[in-house]
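Student: Please find structure00.csv (CSV, C-alpha atoms) on the next line:
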chain,number,residue,atom,x,y,z
A,3,MET,CA,14.9,86.8,-145.3
A,4,THR,CA,15.7,86.6,-141.6
A,5,THR,CA,18.9,84.9,-140.8
A,6,GLU,CA,19.5,86.2,-137.2
A,7,PRO,CA,21.8,84.0,-135.1
A,8,ILE,CA,20.0,81.1,-133.5
A,9,GLU,CA,20.5,80.2,-129.9
A,10,GLU,CA,23.2,77.6,-130.5
A,11,ASN,CA,25.5,79.9,-132.4
A,12,PRO,CA,28.6,81.1,-130.7
A,13,ALA,CA,28.7,84.7,-129.5
A,14,GLN,CA,31.4,85.7,-131.8
A,15,HIS,CA,32.0,89.1,-130.5
A,16,HIS,CA,32.0,88.4,-126.8
A,17,ASP,CA,35.4,88.4,-125.1
A,18,LYS,CA,34.9,87.3,-121.5
A,19,THR,CA,35.1,83.7,-120.5
A,20,ALA,CA,33.4,82.7,-117.3
A,21,LYS,CA,35.3,80.2,-115.1
A,22,SER,CA,31.9,78.6,-114.6
A,23,LEU,CA,28.2,79.3,-115.0
A,24,VAL,CA,25.1,78.8,-113.0
A,25,VAL,CA,22.2,77.9,-115.2
A,26,LEU,CA,18.6,78.0,-113.8
A,27,ASN,CA,15.6,76.5,-115.5
A,28,THR,CA,12.3,77.6,-113.9
A,29,GLY,CA,8.7,78.1,-114.9
A,30,ASP,CA,5.5,76.0,-115.1
A,31,GLY,CA,6.2,74.3,-118.4
A,32,LYS,CA,7.7,70.9,-119.3
A,33,GLY,CA,11.4,70.5,-120.0
A,34,LYS,CA,13.2,72.1,-117.1
A,35,SER,CA,14.7,68.8,-115.8
A,36,THR,CA,14.9,67.4,-119.3
A,37,SER,CA,17.0,70.3,-120.4
A,38,ALA,CA,19.3,69.8,-117.4
A,39,PHE,CA,19.8,66.2,-118.4
A,40,GLY,CA,20.7,67.4,-121.9
A,41,VAL,CA,23.4,69.6,-120.3
A,42,MET,CA,24.5,66.6,-118.3
A,43,ILE,CA,25.2,64.8,-121.6
A,44,ARG,CA,27.2,67.7,-122.8
A,45,GLY,CA,29.4,67.6,-119.7
A,46,VAL,CA,29.9,63.9,-120.1
A,47,ALA,CA,30.8,64.4,-123.8
A,48,ARG,CA,33.5,66.8,-122.7
A,49,GLY,CA,35.0,64.2,-120.4
A,50,TRP,CA,33.8,65.9,-117.1
A,51,SER,CA,32.9,64.2,-113.9
A,52,VAL,CA,29.2,65.0,-113.6
A,53,ALA,CA,27.0,64.7,-110.5
A,54,VAL,CA,23.2,64.8,-110.3
A,55,VAL,CA,21.4,65.5,-107.1
A,56,GLN,CA,17.6,64.9,-107.3
A,57,PHE,CA,15.9,66.5,-104.4
A,58,ILE,CA,12.4,65.2,-105.2
A,59,LYS,CA,11.9,61.6,-106.2
A,60,SER,CA,8.6,60.7,-107.8
A,61,GLY,CA,8.4,56.9,-108.1
A,62,GLU,CA,8.9,55.8,-111.7
A,63,TRP,CA,9.7,59.3,-112.9
A,64,ASN,CA,13.1,60.1,-114.4
A,65,VAL,CA,14.2,56.5,-114.2
A,66,GLY,CA,15.2,56.8,-117.9
A,67,GLU,CA,17.6,59.6,-117.2
A,68,GLU,CA,19.0,57.9,-114.2
A,69,LYS,CA,19.6,54.7,-116.0
A,70,ILE,CA,21.5,56.3,-118.9
A,71,GLY,CA,23.2,58.8,-116.6
A,72,ARG,CA,24.7,56.0,-114.5
A,73,GLN,CA,25.6,54.1,-117.7
A,74,LEU,CA,27.5,57.2,-118.7
A,75,GLY,CA,29.4,57.3,-115.4
A,76,VAL,CA,27.4,60.1,-113.8
A,77,ASP,CA,27.4,60.2,-110.0
A,78,TRP,CA,23.7,60.1,-109.2
A,79,PHE,CA,22.1,60.9,-105.8
A,80,ASN,CA,18.4,60.4,-105.1
A,81,GLU,CA,18.0,62.5,-102.0
A,82,GLY,CA,14.2,62.6,-102.3
A,83,GLU,CA,13.6,58.9,-101.5
A,84,GLY,CA,11.3,58.6,-98.6
A,85,PHE,CA,9.4,61.9,-98.7
A,86,THR,CA,6.0,61.5,-97.3
A,87,TRP,CA,4.6,64.3,-99.4
A,88,ASN,CA,1.3,64.5,-97.6
A,89,SER,CA,2.7,66.4,-94.7
A,90,GLU,CA,1.9,63.6,-92.3
A,91,ASP,CA,5.4,63.8,-90.9
A,92,ILE,CA,6.7,67.2,-91.9
A,93,GLU,CA,9.7,66.9,-89.6
A,94,HIS,CA,10.8,63.7,-91.3
A,95,ASP,CA,10.6,65.4,-94.7
A,96,LYS,CA,12.5,68.5,-93.5
A,97,ALA,CA,15.2,66.2,-92.1
A,98,LEU,CA,15.5,64.5,-95.5
A,99,ALA,CA,15.6,67.8,-97.3
A,100,ALA,CA,18.4,69.0,-95.0
A,101,LYS,CA,20.3,65.8,-95.6
A,102,GLY,CA,19.8,66.2,-99.4
A,103,TRP,CA,21.0,69.8,-99.3
A,104,GLN,CA,24.1,68.8,-97.2
A,105,ARG,CA,24.9,66.3,-99.9
A,106,ALA,CA,24.8,69.0,-102.6
A,107,ALA,CA,26.8,71.4,-100.5
A,108,ASP,CA,29.5,68.8,-99.9
A,109,LEU,CA,29.7,68.0,-103.6
A,110,ILE,CA,29.9,71.7,-104.5
A,111,ALA,CA,32.6,72.5,-102.0
A,112,ALA,CA,34.6,69.4,-102.9
A,113,GLY,CA,35.1,70.6,-106.4
A,114,ASP,CA,35.5,67.1,-107.9
A,115,HIS,CA,32.7,67.6,-110.4
A,116,PRO,CA,32.9,70.5,-112.9
A,117,LEU,CA,29.2,70.0,-113.5
A,118,ILE,CA,26.6,69.4,-110.8
A,119,VAL,CA,22.8,69.3,-111.5
A,120,LEU,CA,20.6,70.3,-108.6
A,121,ASP,CA,17.3,68.9,-109.8
A,122,GLU,CA,14.1,70.4,-108.2
A,123,LEU,CA,16.0,72.4,-105.7
A,124,THR,CA,13.5,75.3,-105.8
A,125,TYR,CA,10.8,73.2,-104.0
A,126,LEU,CA,12.9,72.8,-100.9
A,127,LEU,CA,13.4,76.6,-100.8
A,128,ASN,CA,9.8,77.5,-101.6
A,129,TRP,CA,8.4,75.0,-99.0
A,130,GLY,CA,10.7,76.3,-96.4
A,131,TRP,CA,12.2,72.9,-95.9
A,132,ILE,CA,15.8,74.3,-95.9
A,133,ASP,CA,17.3,77.6,-95.1
A,134,ALA,CA,17.8,79.7,-98.2
A,135,GLU,CA,20.8,81.8,-97.3
A,136,PRO,CA,23.3,78.9,-96.9
A,137,VAL,CA,22.2,77.8,-100.4
A,138,TYR,CA,22.9,81.2,-102.0
A,139,ASP,CA,26.2,81.4,-100.1
A,140,ALA,CA,27.2,77.9,-101.3
A,141,ILE,CA,26.4,78.9,-104.9
A,142,ARG,CA,28.3,82.3,-104.7
A,143,ASN,CA,31.3,80.8,-102.9
A,144,ARG,CA,31.6,77.6,-105.0
A,145,PRO,CA,35.0,76.6,-106.4
A,146,GLU,CA,35.5,78.7,-109.5
A,147,HIS,CA,35.4,75.8,-112.0
A,148,VAL,CA,32.2,74.2,-110.7
A,149,ASN,CA,29.2,74.7,-113.1
A,150,LEU,CA,25.7,74.3,-111.7
A,151,VAL,CA,22.4,73.6,-113.4
A,152,ILE,CA,19.4,74.2,-111.1
A,153,THR,CA,15.8,73.3,-111.9
A,154,GLY,CA,12.3,73.8,-110.4
A,155,ARG,CA,9.2,76.0,-110.5
A,156,ASP,CA,8.9,79.5,-109.0
A,157,ALA,CA,12.6,80.2,-108.5
A,158,PRO,CA,13.0,82.8,-105.7
A,159,ASP,CA,14.4,86.2,-106.8
A,160,GLU,CA,17.6,85.6,-104.9
A,161,LEU,CA,18.2,82.4,-106.8
A,162,ILE,CA,17.8,84.2,-110.0
A,163,ALA,CA,20.2,86.8,-108.8
A,164,VAL,CA,23.0,84.3,-108.2
A,165,SER,CA,22.4,82.6,-111.5
A,166,ASP,CA,24.1,83.6,-114.8
A,167,THR,CA,21.6,82.2,-117.3
A,168,VAL,CA,17.9,81.9,-116.4
A,169,SER,CA,15.2,80.4,-118.6
A,170,GLU,CA,11.5,80.3,-117.8
A,171,VAL,CA,9.7,77.4,-119.4
A,172,ARG,CA,6.1,78.5,-120.0
A,173,LYS,CA,3.3,76.0,-120.7
A,174,VAL,CA,1.6,76.9,-123.9
A,175,LYS,CA,-0.3,73.7,-124.3
A,176,HIS,CA,-0.1,70.3,-122.6
A,177,ALA,CA,-1.4,66.9,-123.6
A,178,PHE,CA,-2.4,66.4,-119.9
A,179,ASP,CA,-4.9,69.2,-120.3
A,180,GLN,CA,-6.7,67.1,-122.9
A,181,GLY,CA,-6.8,64.2,-120.4
A,182,ILE,CA,-4.0,62.3,-122.1
A,183,LEU,CA,-1.9,60.2,-119.7
A,184,ALA,CA,1.9,60.8,-119.3
A,185,LYS,CA,3.7,58.8,-121.9
A,186,LYS,CA,6.6,56.5,-121.0
A,187,GLY,CA,9.6,57.3,-123.1
A,188,ILE,CA,8.5,60.9,-123.7
A,189,ASP,CA,7.3,62.3,-120.4
A,190,TYR,CA,9.4,60.0,-118.3
B,28,MET,CA,2.6,74.4,-97.0
B,29,THR,CA,2.2,74.1,-100.8
B,30,THR,CA,2.6,70.5,-102.0
B,31,GLU,CA,1.0,70.8,-105.4
B,32,PRO,CA,2.1,68.1,-107.9
B,33,ILE,CA,5.3,68.9,-109.7
B,34,GLU,CA,5.7,68.6,-113.4
B,35,GLU,CA,7.3,65.1,-113.3
B,36,ASN,CA,4.4,63.6,-111.3
B,37,PRO,CA,2.1,61.2,-113.1
B,38,ALA,CA,-1.3,62.5,-114.0
B,39,GLN,CA,-3.0,60.0,-111.8
B,40,HIS,CA,-6.6,60.8,-112.7
B,41,HIS,CA,-6.2,60.9,-116.5
B,42,ASP,CA,-7.5,57.9,-118.4
B,43,LYS,CA,-6.6,58.4,-122.0
B,44,THR,CA,-3.4,57.1,-123.4
B,45,ALA,CA,-2.1,58.7,-126.6
B,46,LYS,CA,-0.6,56.3,-129.1
B,47,SER,CA,2.1,58.9,-129.6
B,48,LEU,CA,2.8,62.6,-128.9
B,49,VAL,CA,4.1,65.6,-130.7
B,50,VAL,CA,6.2,67.8,-128.3
B,51,LEU,CA,7.2,71.3,-129.4
B,52,ASN,CA,9.8,73.4,-127.7
B,53,THR,CA,9.8,77.0,-128.9
B,54,GLY,CA,10.6,80.5,-127.6
B,55,ASP,CA,13.7,82.7,-127.4
B,56,GLY,CA,15.3,81.1,-124.3
B,57,LYS,CA,18.0,78.5,-123.9
B,58,GLY,CA,17.2,74.8,-123.6
B,59,LYS,CA,14.8,74.0,-126.4
B,60,SER,CA,17.3,71.6,-128.2
B,61,THR,CA,18.8,70.6,-124.9
B,62,SER,CA,15.5,69.4,-123.6
B,63,ALA,CA,14.9,67.5,-126.9
B,64,PHE,CA,18.1,65.7,-126.3
B,65,GLY,CA,17.0,64.9,-122.8
B,66,VAL,CA,13.9,63.2,-124.3
B,67,MET,CA,16.2,61.4,-126.7
B,68,ILE,CA,17.9,59.8,-123.6
B,69,ARG,CA,14.5,58.8,-122.3
B,70,GLY,CA,13.6,57.1,-125.5
B,71,VAL,CA,17.0,55.3,-125.6
B,72,ALA,CA,16.5,54.2,-122.0
B,73,ARG,CA,13.1,52.7,-123.0
B,74,GLY,CA,14.9,50.6,-125.7
B,75,TRP,CA,13.4,52.6,-128.6
B,76,SER,CA,15.1,53.2,-131.9
B,77,VAL,CA,15.6,57.0,-131.9
B,78,ALA,CA,16.4,59.3,-134.8
B,79,VAL,CA,17.6,62.9,-134.7
B,80,VAL,CA,17.4,65.2,-137.7
B,81,GLN,CA,19.3,68.5,-137.2
B,82,PHE,CA,18.2,71.0,-139.8
B,83,ILE,CA,20.7,73.6,-138.9
B,84,LYS,CA,24.3,72.8,-138.2
B,85,SER,CA,26.4,75.4,-136.5
B,86,GLY,CA,30.0,74.4,-136.6
B,87,GLU,CA,31.1,73.1,-133.2
B,88,TRP,CA,27.7,73.3,-131.7
B,89,ASN,CA,25.9,70.3,-130.4
B,90,VAL,CA,28.8,68.0,-131.0
B,91,GLY,CA,28.5,66.8,-127.4
B,92,GLU,CA,25.0,65.6,-128.0
B,93,GLU,CA,25.8,64.0,-131.3
B,94,LYS,CA,28.8,62.2,-129.9
B,95,ILE,CA,26.8,60.7,-127.0
B,96,GLY,CA,23.8,60.2,-129.1
B,97,ARG,CA,25.7,58.1,-131.6
B,98,GLN,CA,27.4,56.3,-128.7
B,99,LEU,CA,23.9,55.3,-127.5
B,100,GLY,CA,22.9,54.1,-130.9
B,101,VAL,CA,20.8,57.0,-132.0
B,102,ASP,CA,20.5,57.5,-135.8
B,103,TRP,CA,21.8,61.0,-136.3
B,104,PHE,CA,21.3,63.1,-139.4
B,105,ASN,CA,23.0,66.4,-139.9
B,106,GLU,CA,21.0,67.9,-142.7
B,107,GLY,CA,22.3,71.4,-142.2
B,108,GLU,CA,25.8,70.8,-143.3
B,109,GLY,CA,26.7,73.2,-146.1
B,110,PHE,CA,24.2,76.1,-145.5
B,111,THR,CA,25.7,79.3,-146.7
B,112,TRP,CA,23.7,81.4,-144.1
B,113,ASN,CA,24.6,84.7,-145.6
B,114,SER,CA,22.1,84.4,-148.5
B,115,GLU,CA,24.9,84.3,-151.0
B,116,ASP,CA,23.4,81.3,-152.6
B,117,ILE,CA,19.8,81.0,-151.5
B,118,GLU,CA,18.8,78.4,-154.0
B,119,HIS,CA,21.6,76.2,-152.7
B,120,ASP,CA,20.3,76.6,-149.2
B,121,LYS,CA,16.7,75.9,-150.2
B,122,ALA,CA,17.7,72.7,-152.0
B,123,LEU,CA,19.6,71.6,-148.8
B,124,ALA,CA,16.5,72.4,-146.7
B,125,ALA,CA,14.2,70.5,-149.1
B,126,LYS,CA,16.6,67.5,-148.9
B,127,GLY,CA,16.7,67.7,-145.1
B,128,TRP,CA,12.9,67.8,-144.8
B,129,GLN,CA,12.6,64.9,-147.2
B,130,ARG,CA,14.9,62.9,-144.9
B,131,ALA,CA,12.6,63.7,-142.0
B,132,ALA,CA,9.5,62.9,-144.0
B,133,ASP,CA,10.9,59.5,-145.0
B,134,LEU,CA,11.9,58.7,-141.4
B,135,ILE,CA,8.4,59.6,-140.1
B,136,ALA,CA,6.6,57.6,-142.8
B,137,ALA,CA,8.8,54.6,-142.4
B,138,GLY,CA,7.8,54.2,-138.8
B,139,ASP,CA,11.0,52.4,-137.8
B,140,HIS,CA,11.7,55.0,-135.0
B,141,PRO,CA,9.2,55.4,-132.2
B,142,LEU,CA,10.9,58.7,-131.4
B,143,ILE,CA,12.2,61.3,-133.9
B,144,VAL,CA,13.7,64.6,-132.9
B,145,LEU,CA,13.3,67.4,-135.6
B,146,ASP,CA,15.8,69.9,-134.3
B,147,GLU,CA,15.4,73.5,-135.4
B,148,LEU,CA,12.7,72.7,-137.9
B,149,THR,CA,10.9,76.0,-137.3
B,150,TYR,CA,13.6,78.0,-139.1
B,151,LEU,CA,13.0,76.2,-142.4
B,152,LEU,CA,9.3,77.1,-142.1
B,153,ASN,CA,9.8,80.7,-141.0
B,154,TRP,CA,12.4,81.4,-143.7
B,155,GLY,CA,10.2,79.9,-146.4
B,156,TRP,CA,12.8,77.4,-147.3
B,157,ILE,CA,10.3,74.6,-147.4
B,158,ASP,CA,6.5,74.4,-148.0
B,159,ALA,CA,4.7,74.3,-144.7
B,160,GLU,CA,1.6,72.3,-145.6
B,161,PRO,CA,3.4,69.0,-146.4
B,162,VAL,CA,5.1,69.3,-143.0
B,163,TYR,CA,1.8,69.6,-141.1
B,164,ASP,CA,0.3,66.8,-143.2
B,165,ALA,CA,3.3,64.5,-142.4
B,166,ILE,CA,2.9,65.2,-138.7
B,167,ARG,CA,-0.9,64.7,-138.7
B,168,ASN,CA,-0.6,61.5,-140.9
B,169,ARG,CA,2.4,59.9,-139.2
B,170,PRO,CA,2.3,56.2,-138.1
B,171,GLU,CA,0.4,56.3,-134.8
B,172,HIS,CA,3.3,55.0,-132.8
B,173,VAL,CA,5.8,57.7,-133.9
B,174,ASN,CA,6.5,60.4,-131.3
B,175,LEU,CA,8.0,63.6,-132.5
B,176,VAL,CA,10.0,66.3,-130.6
B,177,ILE,CA,10.3,69.5,-132.6
B,178,THR,CA,12.4,72.6,-131.6
B,179,GLY,CA,13.0,76.1,-132.8
B,180,ARG,CA,12.1,79.7,-132.2
B,181,ASP,CA,8.9,81.4,-133.4
B,182,ALA,CA,6.8,78.2,-134.0
B,183,PRO,CA,4.0,79.0,-136.5
B,184,ASP,CA,0.5,78.7,-135.2
B,185,GLU,CA,-0.3,75.7,-137.4
B,186,LEU,CA,2.7,73.9,-135.9
B,187,ILE,CA,1.4,74.6,-132.4
B,188,ALA,CA,-2.0,73.3,-133.6
B,189,VAL,CA,-0.7,69.9,-134.7
B,190,SER,CA,1.4,69.5,-131.5
B,191,ASP,CA,0.1,68.0,-128.2
B,192,THR,CA,2.5,69.6,-125.7
B,193,VAL,CA,4.0,73.0,-126.4
B,194,SER,CA,6.5,74.8,-124.2
B,195,GLU,CA,7.8,78.3,-124.7
B,196,VAL,CA,11.3,78.8,-123.3
B,197,ARG,CA,11.6,82.5,-122.3
B,198,LYS,CA,14.9,84.2,-121.7
B,199,VAL,CA,14.9,85.7,-118.2
B,200,LYS,CA,18.7,86.4,-118.1
B,201,HIS,CA,21.6,85.2,-120.1
B,202,ALA,CA,25.3,85.2,-119.5
B,203,PHE,CA,25.8,86.3,-123.1
B,204,ASP,CA,24.1,89.6,-122.2
B,205,GLN,CA,26.9,90.3,-119.7
B,206,GLY,CA,29.4,89.7,-122.4
B,207,ILE,CA,30.4,86.2,-121.2
B,208,LEU,CA,31.4,83.8,-123.9
B,209,ALA,CA,29.5,80.6,-124.5
B,210,LYS,CA,31.0,77.9,-122.3
B,211,LYS,CA,32.1,74.5,-123.7
B,212,GLY,CA,30.4,71.7,-121.8
B,213,ILE,CA,27.5,73.9,-120.7
B,214,ASP,CA,26.3,75.8,-123.8
B,215,TYR,CA,27.6,73.3,-126.3
Rewrite the structure of this file - the entire thing - as structure tokens.
Tutor:
Amino acid sequence: MTTEPIEENPAQHHDKTAKSLVVLNTGDGKGKSTSAFGVMIRGVARGWSVAVVQFIKSGEWNVGEEKIGRQLGVDWFNEGEGFTWNSEDIEHDKALAAKGWQRAADLIAAGDHPLIVLDELTYLLNWGWIDAEPVYDAIRNRPEHVNLVITGRDAPDELIAVSDTVSEVRKVKHAFDQGILAKKGIDY
Amino acid sequence: MTTEPIEENPAQHHDKTAKSLVVLNTGDGKGKSTSAFGVMIRGVARGWSVAVVQFIKSGEWNVGEEKIGRQLGVDWFNEGEGFTWNSEDIEHDKALAAKGWQRAADLIAAGDHPLIVLDELTYLLNWGWIDAEPVYDAIRNRPEHVNLVITGRDAPDELIAVSDTVSEVRKVKHAFDQGILAKKGIDY
């Protein structure tokens, strides 16, 4: 009979309380952003002002979360609108990415939101669209009550280093691999 | 310049549409249930009736999700109330588990909810509290429009086999390991 504590149990014997946490969801599996939106709900349930910055916008994707998030009073910023994606105008995309990061940096520094979700931030770092050091500095030097949830594949080591809790979501099996279309209501 | 499709992008070249999907979140990392609650939001946003069955109840945990879920009209069932956990009365716990699974089986068979979350189901299977075969049969023989999201560590191979999309959440780093207490609004 195994009755080891499960992930949602409190850590009864721990005695430090962090003023805030940086949670990072990375890996090639499904559920990184979805999990971030779950944390968003927790923050809302606690009465926090919550902000979501989406750095990559993919058409119809995530509209469900945005709709419900806005309905729940979340401040929602789509900074990825207008990316060309196909590198036809890379300077345009870099300028958008810089603007998106500036939005996030301003939100973090302002301290008005105890929880800020930075959705798909890793892509901007990995593609070299924004300078990485100012990002790590902003995370390290944030107001002490500001919690961050960051998502995206291939998180750089330095981003892992400045995060408190890091999960890698690994794809074991995916319906896409069997040629099954993404399903509205489940995948988006 | 890497611009490979990210996880939330549609699978443009796939041509099959599943009537429904079984999504399984397993592994030892954080975010399995949190991700399931994110899918719950998606379902609600699509106008679906959504049900959540929680097989394991851990005191104050997940109250944020439950509060918001109920607020959004989700049918929420806490079947884990009353577990003794410490094996003092194992027959009592087994009876509770059987009752909880029966609730889930009835919901699945009824077909009234296009999305049903079965939170922490794997524990009941792994601890031998319920028979596994009826569970796999119920999943395989569900009404074709009923999507399932199942969570919990150490998913049995047979459960992986009956699922369409399986993600393993691996712990890379956890604040608990540095002796930091679980944080209200983030961890629960």
Student: At a cut-off of 7 Å, using all atoms listed in the file, what residues contact segment 100-103 of chain A? Leave out same-chain residues fewer than 6 positions from it and give the result as a ChimeraX atom specification.
Tutor: /A:57,81,132
Student: Quick one: residues within 6 Å of Ser22 of chain A, only C-alpha atoms, excluding same-chain residues fewer than 3 positions away - as a list in words?
Tutor: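 So, after excluding close chain neighbours, the residues are His147, Val148 and Asn149 of chain A.
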Student: Return the neighbours of chain B among the residues of chain A, cut-off 6 Å, counting all atoms listed in the file, as an MDAnalysis selection string.
Tutor: chainID A and resid 16 18:19 31 33 36:37 39:41 44:45 47:48 66 166:177 181:183 187:188
Student: B:Gln129, B:Gln81, B:Asn168, B:Ser76: which is nearest Gly100 of chain B, counting all atoms listed in the file?
Tutor: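 Counting all atoms listed in the file, the residue closest to Gly100 of chain B is B:Ser76.
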Student: Compare A:Ala97, A:Ala106, A:Ala157, A:Val55 by their minimum atom-to-atom distance to Leu127 of chain A, counting only C-alpha atoms, and give me the closest one.
Tutor: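 Looking at the shortest contact to Leu127 of chain A, the residue is A:Ala157.
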Student: What's the separation between atom CA of Gln98 of chain B and atom CA of Val162 of chain B, in Å to one decimal place?
Tutor: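 Between atom CA of Gln98 of chain B and atom CA of Val162 of chain B the gap works out to 29.5 Å.
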Student: In Å, how far is it from atom CA of Asp156 of chain A to atom CA of Val144 of chain B?
Tutor: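 About the pair atom CA of Asp156 of chain A and atom CA of Val144 of chain B: they are 28.6 Å apart.
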Student: Tell me, in Å to one decimal, how far atom CA of Asp102 of chain B is from atom CA of Leu186 of chain B.
Tutor: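 For atom CA of Asp102 of chain B relative to atom CA of Leu186 of chain B, the distance reads 24.2 Å.
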Student: Which residue is closest to Glu146 of chain A? Choose from A:Leu126, A:Glu160, A:Ala134, A:Ala111 and count only C-alpha atoms.
Tutor: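 Of A:Leu126, A:Glu160, A:Ala134, A:Ala111, the one nearest Glu146 of chain A, counting only C-alpha atoms, is A:Ala111.
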